[in-house]
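Data first, discussion second: the structure below is written as structure tokens.
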Amino acid sequence: MKITRLIAAVLVAAALASASPRLAPDVDPNSTEKRSFIVRWKDGSSQEKHNKAGLLGAILRLELGLINAILYEATGRDMAALANDPEVEYISPDRNVRGALEYANPTVSADIAFKYSFDGRGVGVAVIDSGISALHLDLAPRVVYSKSFLPGALPLLAPDEFGHGTHVAGIIGGSAKLSSGLLYKHTFRGIAPSANIINLRVLDAKGAGTDSQVIQAIEEAIALRKTFNIRVINLSLGRPIYESYKSDPLCLAVRKAWAAGIVVVVAAGNEGRNNSAGTSGYGTIASPGNDPHVITVGAMKDNGTVSKADDTIATYSSKGPTNIDHIVKPDLVAPGNRVISLAVAGSTLYHASASTGNLISNNYYQKVALPGNSSIYQRLNGTSMAAPMVSGAVALMLEKDPALTPETVKARLMRSASKSFPSHSSATDPATGQVYHSSYDIFTIGAGYLDVWGALNSTVKAQGSTVSPKAYYDGNGAFIANTEPLVWGNNALWGSHALWGTSVVWGTSVVWGTSVFSGSPSAVWSEHALWGTNALWGTNVLWGTQSAAGFNVLWGTNVLWGTNVLWGTNVLWGTSVTVAGEN
């Protein structure tokens with residue numbers, strides 16, 4: 001026992017001497033405050049390994065079998081010591097995550113699919129969010145399973161106190177039962193109105209949750225895959241990126257789901273307006289949207305019309321490339337601004353909408369209107385609303401052809417996406433009056449704008465991986481297509497000589513336009529914003545050696561992602577709470 005304690009003391013001393021590469025950069029090695037940490041052991045966990053952690057003060061709380069990890073309660077000092085054990089793979093905090101149609105449906109051609117009887121029937125979509133109001137008549141009785149992963153909650157009850165998950169579920173599969181017929185002027189139907197919904201609650205009444213709760217929900221979705229034919233997972237939530245996707249616990253979990261044959265759709269995040277690092281919002285994709293396998297979705301504005309011609313990017317939609325790994329994201333974009341879907345009267349977001357103008361009057365959609373605002377539908381904004389547009393489209397694709405793999409689904413969505421965009425656009429924040437400028441490059445709109453009917457009619461089949469590629473800076477202040485600007489994964493389909501070709505998947509006139517990345521220094525997309533030595537690709541800011549581990553730069557605990565700033569209780573993923581709609 002004395003020898004064991006001596007080893008523990010040596011590990012503590014080593015931890016204080018130097019930070020281990022097995023310790024996440026946002027762990028304070030000197031902290032004596034107890035919190036939860038996710039520890040991945042090499043070759044799996046064992047009682048002997050738990051004993052070693054216990055000697056350092058760690059208390060075992062939960063097994064996360066999906067990613068071969070253990071949730072311990074410990075101090076940062078304890079974990080810094082444990083990170084020096086060669087049997088440890090990686091240690092990260094149990095980080096906080098947050099929850100980031102009448103016009104949107106025809107905009108993405110979902111109305112055509114509905115006319116041809118594609119409605120997602122028989123396909124299960126797992127909504128990992130703030131819960132769902134299962135008794136809402138636009139969803140009942142298709143919420144076939146509910147479970148909460150919140151501590152202290154009754155497991156099989158997953159109500160939506162925040163109001164986010166129900167709105168998301170309505171975009172995926174709302175039936176419009178309460179807005180269709182002779183008595184209504186507008187109909188709010190989801191993309192796949194006959195799909196079954198699996199309600200997995202991970203966010204509380206304030207829209208907050210943790211990595212471990214999301215990982216448990218993903219594991220549950222995989223376990224129930226055959227029972228409910230779960231083919232899609234929707235994650236309209238996220239958090240900052242602190243390490244490579246290869247080590248990030250959330251990314252490890254979504255890759256397990258993808259490997260199990262489930263298409264994972266993730267919101268990109270709502271930080272496209274953030275210029276705190278002089279990057280004009282580039283490099284702000286949230287985890288797990290940074291994983292190259294999943295489908296990461298940015299937000300467009302349908303501008304209140306059914307035509308794509310006047311649609312523009314929502315300036316708050318997060319832009320790539322991803323932090324640390326420089327993966328090209330988002331993969332595509334879909335309507336996400338001022339989207340009308342299901343409301344939960346009395347929820348946090350419903351109350352907030354009363355002051356932000358996101359409630360809709362009964363007169364808006366009822367021909368013989370009741371007085372006041374609707375308690376059934378409301379507007380919300382954000383990439384949280386764009387992701388379920390794509391999840392619904394995936395349900396339609398899998399209804400038509402159940403044999404599709406996640407890779408083929410992703411390939412068809414990206415290849416069929418509309419690639420007709422303006423070269424630039426501007427939008428004004430109605431709350432502040434500030435004007436934001438956008439360019440339509442590969443890091444803003446990905447492969448293009450969701451086209452449901454186009455994806456349903458695509459016949460291409462993936463013969464290899466559809467991982468999103470890695471971008472690099474050529475060192476000359478520009479992103480030039482003919483110098484192999486993207487690094488393709490092994491057996492990836494997107495290469496210039498592969499079946500899809502860069503011009504087929506991403507297009508040429510918009511994404512690779514000569515003026516997109518090499519504009520004048522005053523332009524939003526100029527080398528001084530995206531490629532400058534002190535900006536996105538600089539040595540000391542977002543991509544530099546001091547960025548991911550530093551706590552006073554873009555990703556620092558007291559700056560962009562601080563608990564009291566963007567990722568606070570009522571912030572980023574609360575959609576309309578923080579993201580002002582663009583009129």
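Every chain in the structure tokens has a letter given in the order shown (A, B, ...), and although residue numbers restart at 1 in each chain, ligands are simply numbered from 1 in the order shown.
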Contacts of Gly170 (chain A) within 12 Å, only C-alpha atoms, excl. fewer than 5 positions in-chain, as a short mmCIF file (atom, residue, chain, number, x, y, z; two decimals) with C-alpha atoms, in the first residue's frame:
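Final file, selection15.cif:
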```
data_model
loop_
_atom_site.label_atom_id
_atom_site.label_comp_id
_atom_site.auth_asym_id
_atom_site.auth_seq_id
_atom_site.Cartn_x
_atom_site.Cartn_y
_atom_site.Cartn_z
CA LEU A 101 -42.25 25.93 -42.54
CA VAL A 125 -35.51 9.51 -36.24
CA VAL A 127 -34.07 13.50 -31.61
CA ILE A 132 -40.51 16.43 -26.80
CA SER A 133 -44.09 17.23 -25.96
CA ALA A 134 -45.30 13.77 -26.97
CA HIS A 136 -48.77 17.49 -29.28
CA LEU A 137 -51.37 16.49 -31.85
CA ASP A 138 -49.01 17.22 -34.75
CA LEU A 139 -46.72 14.46 -33.40
CA ALA A 140 -48.96 12.02 -31.52
CA ARG A 142 -45.58 8.90 -33.53
CA VAL A 143 -43.35 9.67 -30.53
CA GLY A 163 -39.26 24.09 -25.91
CA HIS A 164 -36.40 23.34 -28.29
CA GLY A 165 -36.73 19.60 -28.93
CA SER A 175 -48.14 16.34 -39.42
CA ALA A 176 -49.82 19.79 -39.65
CA LYS A 177 -52.94 18.29 -38.10
CA LEU A 178 -53.58 21.56 -36.26
CA PHE A 188 -46.92 24.02 -40.96
CA ARG A 189 -45.97 20.52 -42.05
CA GLY A 190 -42.64 18.85 -41.31
CA ILE A 191 -40.38 17.37 -43.97
CA ALA A 192 -41.25 13.74 -43.11
CA PRO A 193 -44.73 13.95 -41.51
CA SER A 194 -45.15 10.20 -41.03
CA ALA A 195 -41.72 9.43 -39.57
CA ASN A 196 -41.52 7.96 -36.07
CA ILE A 197 -39.77 10.06 -33.45
CA VAL A 339 -38.89 28.81 -39.08
CA ILE A 340 -42.39 28.12 -37.78
CA SER A 341 -42.80 24.79 -36.04
CA LEU A 342 -44.31 23.32 -32.89
CA ALA A 343 -44.42 25.29 -29.64
CA VAL A 344 -44.63 24.18 -26.02
CA ILE A 376 -49.36 25.61 -30.79
CA TYR A 377 -46.75 27.10 -33.15
CA GLN A 378 -43.90 29.60 -32.89
CA ARG A 379 -40.87 30.86 -34.81
CA LEU A 380 -37.28 30.05 -33.93
CA MET A 385 -33.67 24.58 -37.17
CA PRO A 388 -33.81 18.84 -38.79
CA MET A 389 -34.65 19.97 -42.34
CA SER A 391 -32.82 14.92 -41.00
CA GLY A 392 -36.34 14.92 -42.44
#
```
Among the residues A:Leu450, A:Leu200, A:Leu237, A:Leu60, the one that comes closest to Glu220 (chain A) [using only C-alpha atoms]: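 Of A:Leu450, A:Leu200, A:Leu237, A:Leu60, the one nearest Glu220 (chain A), counting only C-alpha atoms, is A:Leu200.
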Neighbouring residues of region 224-226 of chain A were defined as those with any atom within 12 Å, considering only C-alpha atoms; residues of the same chain fewer than 6 positions away were excluded. Please report them as an MDAnalysis selection string. chainID A and resid 122:126 144:147 198:200 217:218 232:233 257:258 260:263
What would the file look like if the residues just selected were written as a PDB file, in the first residue's frame with N, CA and C atoms?
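Saved the output as result_27.pdb:
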```pdb
ATOM      1  N   GLY A 122     -42.381   4.717 -41.502  1.00  0.00           N
ATOM      2  CA  GLY A 122     -41.612   3.552 -41.093  1.00  0.00           C
ATOM      3  C   GLY A 122     -40.187   3.836 -40.673  1.00  0.00           C
ATOM      4  N   VAL A 123     -39.709   5.049 -40.900  1.00  0.00           N
ATOM      5  CA  VAL A 123     -38.332   5.409 -40.547  1.00  0.00           C
ATOM      6  C   VAL A 123     -38.316   6.062 -39.163  1.00  0.00           C
ATOM      7  N   GLY A 124     -37.394   5.627 -38.317  1.00  0.00           N
ATOM      8  CA  GLY A 124     -37.250   6.200 -36.983  1.00  0.00           C
ATOM      9  C   GLY A 124     -36.158   7.260 -36.954  1.00  0.00           C
ATOM     10  N   VAL A 125     -36.482   8.419 -36.396  1.00  0.00           N
ATOM     11  CA  VAL A 125     -35.511   9.510 -36.244  1.00  0.00           C
ATOM     12  C   VAL A 125     -35.334   9.789 -34.756  1.00  0.00           C
ATOM     13  N   ALA A 126     -34.129   9.632 -34.255  1.00  0.00           N
ATOM     14  CA  ALA A 126     -33.829   9.915 -32.848  1.00  0.00           C
ATOM     15  C   ALA A 126     -33.504  11.392 -32.697  1.00  0.00           C
ATOM     16  N   VAL A 144     -42.635   7.359 -30.426  1.00  0.00           N
ATOM     17  CA  VAL A 144     -42.789   5.945 -30.065  1.00  0.00           C
ATOM     18  C   VAL A 144     -41.956   5.532 -28.860  1.00  0.00           C
ATOM     19  N   TYR A 145     -41.023   6.406 -28.436  1.00  0.00           N
ATOM     20  CA  TYR A 145     -40.165   6.050 -27.297  1.00  0.00           C
ATOM     21  C   TYR A 145     -39.616   7.334 -26.703  1.00  0.00           C
ATOM     22  N   SER A 146     -39.589   7.397 -25.383  1.00  0.00           N
ATOM     23  CA  SER A 146     -39.035   8.569 -24.698  1.00  0.00           C
ATOM     24  C   SER A 146     -38.157   8.124 -23.537  1.00  0.00           C
ATOM     25  N   LYS A 147     -37.049   8.817 -23.363  1.00  0.00           N
ATOM     26  CA  LYS A 147     -36.172   8.550 -22.223  1.00  0.00           C
ATOM     27  C   LYS A 147     -35.368   9.801 -21.905  1.00  0.00           C
ATOM     28  N   ILE A 198     -38.073   9.231 -31.940  1.00  0.00           N
ATOM     29  CA  ILE A 198     -37.537   8.655 -30.707  1.00  0.00           C
ATOM     30  C   ILE A 198     -36.984   9.812 -29.886  1.00  0.00           C
ATOM     31  N   ASN A 199     -37.572  10.054 -28.737  1.00  0.00           N
ATOM     32  CA  ASN A 199     -37.307  11.230 -27.913  1.00  0.00           C
ATOM     33  C   ASN A 199     -36.273  10.902 -26.844  1.00  0.00           C
ATOM     34  N   LEU A 200     -35.060  11.406 -27.004  1.00  0.00           N
ATOM     35  CA  LEU A 200     -33.976  11.160 -26.049  1.00  0.00           C
ATOM     36  C   LEU A 200     -33.552  12.501 -25.467  1.00  0.00           C
ATOM     37  N   ALA A 217     -27.241   8.980 -24.713  1.00  0.00           N
ATOM     38  CA  ALA A 217     -28.388   9.009 -25.626  1.00  0.00           C
ATOM     39  C   ALA A 217     -28.027   8.395 -26.971  1.00  0.00           C
ATOM     40  N   ILE A 218     -26.832   8.678 -27.475  1.00  0.00           N
ATOM     41  CA  ILE A 218     -26.394   8.087 -28.745  1.00  0.00           C
ATOM     42  C   ILE A 218     -26.288   6.574 -28.603  1.00  0.00           C
ATOM     43  N   VAL A 232     -31.754   7.634 -38.375  1.00  0.00           N
ATOM     44  CA  VAL A 232     -31.272   9.014 -38.351  1.00  0.00           C
ATOM     45  C   VAL A 232     -31.162   9.481 -36.898  1.00  0.00           C
ATOM     46  N   ILE A 233     -30.101  10.206 -36.595  1.00  0.00           N
ATOM     47  CA  ILE A 233     -29.971  10.916 -35.323  1.00  0.00           C
ATOM     48  C   ILE A 233     -29.848  12.398 -35.639  1.00  0.00           C
ATOM     49  N   ALA A 257     -22.164   5.736 -34.053  1.00  0.00           N
ATOM     50  CA  ALA A 257     -23.503   5.679 -34.628  1.00  0.00           C
ATOM     51  C   ALA A 257     -23.433   5.563 -36.144  1.00  0.00           C
ATOM     52  N   TRP A 258     -22.546   6.350 -36.748  1.00  0.00           N
ATOM     53  CA  TRP A 258     -22.372   6.316 -38.206  1.00  0.00           C
ATOM     54  C   TRP A 258     -21.949   4.916 -38.643  1.00  0.00           C
ATOM     55  N   ALA A 260     -22.611   2.220 -37.195  1.00  0.00           N
ATOM     56  CA  ALA A 260     -23.726   1.299 -36.973  1.00  0.00           C
ATOM     57  C   ALA A 260     -24.809   1.440 -38.039  1.00  0.00           C
ATOM     58  N   GLY A 261     -24.604   2.335 -39.004  1.00  0.00           N
ATOM     59  CA  GLY A 261     -25.553   2.496 -40.096  1.00  0.00           C
ATOM     60  C   GLY A 261     -26.569   3.595 -39.886  1.00  0.00           C
ATOM     61  N   ILE A 262     -26.337   4.465 -38.904  1.00  0.00           N
ATOM     62  CA  ILE A 262     -27.250   5.570 -38.619  1.00  0.00           C
ATOM     63  C   ILE A 262     -26.671   6.860 -39.179  1.00  0.00           C
ATOM     64  N   VAL A 263     -27.460   7.584 -39.943  1.00  0.00           N
ATOM     65  CA  VAL A 263     -27.042   8.877 -40.487  1.00  0.00           C
ATOM     66  C   VAL A 263     -27.121   9.909 -39.354  1.00  0.00           C
TER      67      VAL A 263
END
```
Can you pull out the residues contacting Glu73 (chain A)? Cut-off 8 Å, using only C-alpha atoms, and skip same-chain residues under 2 positions away; I want them as an MDAnalysis selection string. chainID A and resid 34:37 58:61 71 75
Check the DSSP output for the backbone and give back, as a PyMOL selection string, the residues of region 261-472 of chain A in strand (DSSP E or B). chain A and resi 263-267+287+295-301+312-313+327+332-335+339-342+359-361+366+373-380+418+424-428+435-439+449+465+470-471
Output file for the residues above (C-alpha atoms, as a CSV table (one decimal), in the first residue's frame):
```csv
chain,number,residue,atom,x,y,z
A,263,VAL,CA,-27.0,8.9,-40.5
A,264,VAL,CA,-26.0,11.6,-38.0
A,265,VAL,CA,-27.1,15.2,-38.8
A,266,VAL,CA,-25.6,18.0,-36.7
A,267,ALA,CA,-26.1,21.7,-36.4
A,287,SER,CA,-18.5,20.0,-31.9
A,295,ILE,CA,-23.5,15.8,-42.0
A,296,THR,CA,-23.0,19.3,-40.7
A,297,VAL,CA,-25.7,21.8,-41.6
A,298,GLY,CA,-25.6,25.6,-41.8
A,299,ALA,CA,-28.6,27.9,-42.0
A,300,MET,CA,-30.1,29.8,-44.9
A,301,LYS,CA,-32.9,32.4,-44.9
A,312,THR,CA,-29.4,34.2,-48.6
A,313,ILE,CA,-27.1,32.8,-45.9
A,327,ILE,CA,-12.0,20.1,-41.8
A,332,LEU,CA,-24.5,21.8,-46.8
A,333,VAL,CA,-27.1,24.5,-45.8
A,334,ALA,CA,-30.9,24.4,-45.3
A,335,PRO,CA,-33.5,26.9,-44.1
A,339,VAL,CA,-38.9,28.8,-39.1
A,340,ILE,CA,-42.4,28.1,-37.8
A,341,SER,CA,-42.8,24.8,-36.0
A,342,LEU,CA,-44.3,23.3,-32.9
A,359,LEU,CA,-44.6,34.2,-31.2
A,360,ILE,CA,-47.2,34.1,-34.1
A,361,SER,CA,-50.7,35.4,-33.9
A,366,GLN,CA,-56.3,30.8,-38.9
A,373,ASN,CA,-51.0,34.4,-30.0
A,374,SER,CA,-50.8,30.8,-30.9
A,375,SER,CA,-49.9,28.3,-28.2
A,376,ILE,CA,-49.4,25.6,-30.8
A,377,TYR,CA,-46.7,27.1,-33.1
A,378,GLN,CA,-43.9,29.6,-32.9
A,379,ARG,CA,-40.9,30.9,-34.8
A,380,LEU,CA,-37.3,30.1,-33.9
A,418,SER,CA,-28.3,23.5,-55.3
A,424,HIS,CA,-22.0,38.1,-51.7
A,425,SER,CA,-24.8,39.3,-49.5
A,426,SER,CA,-25.4,41.6,-46.5
A,427,ALA,CA,-27.9,41.5,-43.7
A,428,THR,CA,-28.8,43.8,-40.8
A,435,VAL,CA,-24.6,45.1,-40.9
A,436,TYR,CA,-23.0,41.8,-41.6
A,437,HIS,CA,-21.4,40.7,-44.9
A,438,SER,CA,-21.2,37.2,-46.3
A,439,SER,CA,-19.4,35.5,-49.2
A,449,TYR,CA,-28.5,24.3,-50.6
A,465,SER,CA,-15.7,7.0,-47.5
A,470,LYS,CA,-9.2,18.8,-44.8
A,471,ALA,CA,-8.2,22.2,-46.0
```
Excluding region 239-256 of chain A and any residue of its chain fewer than 4 positions from it, enumerate the residues within 6 Å of it, using only C-alpha atoms, and give them as a PDB file with C-alpha atoms, in the first residue's frame.
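This is the output file out23.pdb:
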```
ATOM      1  CA  VAL A  97     -23.533  21.213 -24.445  1.00  0.00           C
ATOM      2  CA  ILE A 215     -23.083   9.988 -25.333  1.00  0.00           C
ATOM      3  CA  ALA A 286     -19.166  23.526 -33.012  1.00  0.00           C
ATOM      4  CA  SER A 287     -18.535  19.953 -31.854  1.00  0.00           C
ATOM      5  CA  PRO A 288     -19.607  17.326 -32.863  1.00  0.00           C
ATOM      6  CA  ASP A 291     -16.419  15.273 -37.198  1.00  0.00           C
ATOM      7  CA  ILE A 324      -7.563  22.259 -34.880  1.00  0.00           C
ATOM      8  CA  ASP A 325      -8.235  19.770 -37.725  1.00  0.00           C
ATOM      9  CA  ALA A 548      -6.461  25.263 -28.535  1.00  0.00           C
TER      10      ALA A 548
END
```
Between CA of Gly464 (chain A) and CA of Ala411 (chain A), measure the distance and give it in Å to one decimal.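 Computing it gives 10.3 Å between the two atoms.
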Gap from CA of Ala492 (chain A) to CA of Val460 (chain A) - Å, one decimal: 14.6 Å
Find, counting only C-alpha atoms, the residue in A:Ala352, A:Met397, A:Leu66, A:Val88 that gets nearest to Glu219 (chain A).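 That would be A:Leu66, the residue with the smallest distance to Glu219 (chain A).
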Can you tell me, as a ChimeraX atom specification, which residues in region 23-226 of chain A count as helix (DSSP H, G or I) by DSSP? /A:47-55,65-67,76-82,104-107,110-115,164-173,211-223,225-226
Residue among A:Val27, A:Ile128, A:Leu182, A:Val214 lying closest to Leu64 (chain A), counting only C-alpha atoms: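 For Leu64 (chain A), the nearest of the given residues is A:Val214.
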Would you please work out which residue, of A:Ala53, A:Ser317, A:Phe421, A:Gly131, is nearest to Asn84 (chain A) when using only C-alpha atoms? A:Ala53
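The two atoms in question, CA of Pro321 (chain A) and CA of Asn290 (chain A), are spaced 8.6 Å apart.
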Judged by only C-alpha atoms, the minimum distance to Ala309 (chain A) among A:Leu413, A:Ala158, A:Leu23, A:Val108 is found for A:Val108
Test item: residues at most 7 Å from Arg95 (chain A), only C-alpha atoms, excluding those fewer than 2 positions along its chain, as a list in words: Pro93, Val97, Thr210 and Asp211 of chain A
